[in-house]
Amino acid sequence: HVQLVESGGDSVQAGGSLRLSCAASGYTFGRSCMGWFRQAPGKEREEVALIHSDGTITYAYSVKDRFAISKDNDKNTLYLQMNSLKPEDTAMYYCAACWYGAYRYWGQGTQVTVS
């Protein structure tokens, strides 16, 4: 049974920083793709930062140079360091992991609010 549990969401002022974590159980990171997504009220879910199966990383244009995704295979944990936060970053943030190349497993989300 795969479980992804996000944490680290909070309410911060613009310009602040947060570090989100996603702890995985029942899932081996290995070379599987993993990523962070977000969804704001009334908007579609969007990709934020992805680690692809070949190890390359991509970011949404809106967060590039402000956010950084990383993972610790030994701890089975995915991270998202978010700096210079803006009100438009306000959203529920989800981590997700792939199964055979497709995002199959999702966490319950952690709320980030920037004012």
# chains A, B, ... in the order shown; residues from 1 in each chain; ligands from 1
>>> residues_around(residues="region 67-81 of chain A", least_positions_apart="2", cutoff="7 Å", atoms="only C-alpha atoms", output="list in words")
Leu18, Arg19, Leu20, Ser21, Cys22, Ala23, Ala24, Thr28, Phe29, Ala49, Val63, Lys64, Asp65 and Asn83 of chain A
>>> residues_around(residues="Thr56 (chain A)", least_positions_apart="4", cutoff="12 Å", atoms="only C-alpha atoms", output="PyMOL selection string")
chain A and resi 31-35+49-52+69-70
>>> residues_around(residues="Gly109 (chain A)", least_positions_apart="5", cutoff="9 Å", atoms="only C-alpha atoms", output="list in words")
Val5, Glu6, Ser7, Gly9, Arg38, Met92, Tyr93, Tyr94 and Cys95 of chain A
>>> closest_residue(among="A:Met82, A:Ala91, A:Ala14, A:Ala60", to="Lys43 (chain A)", atoms="only C-alpha atoms")
A:Ala91
>>> closest_residue(among="A:Gly30, A:Gly101, A:Gly107, A:Pro87", to="Ser11 (chain A)", atoms="only C-alpha atoms")
A:Pro87
>>> atom_distance(atom1="CA of Ser25 (chain A)", atom2="CA of Val2 (chain A)")
5.7 Å
>>> select_by_dssp(residues="chain A", states="strand (DSSP E)", output="PyMOL selection string")
chain A and resi 3-7+11-12+18-25+34-39+46-51+57-59+67-72+77-82+91-99+102-106+110-114
>>> residues_around(residues="Tyr105 (chain A)", least_positions_apart="3", cutoff="7 Å", atoms="only C-alpha atoms", output="ChimeraX atom specification")
/A:96-98
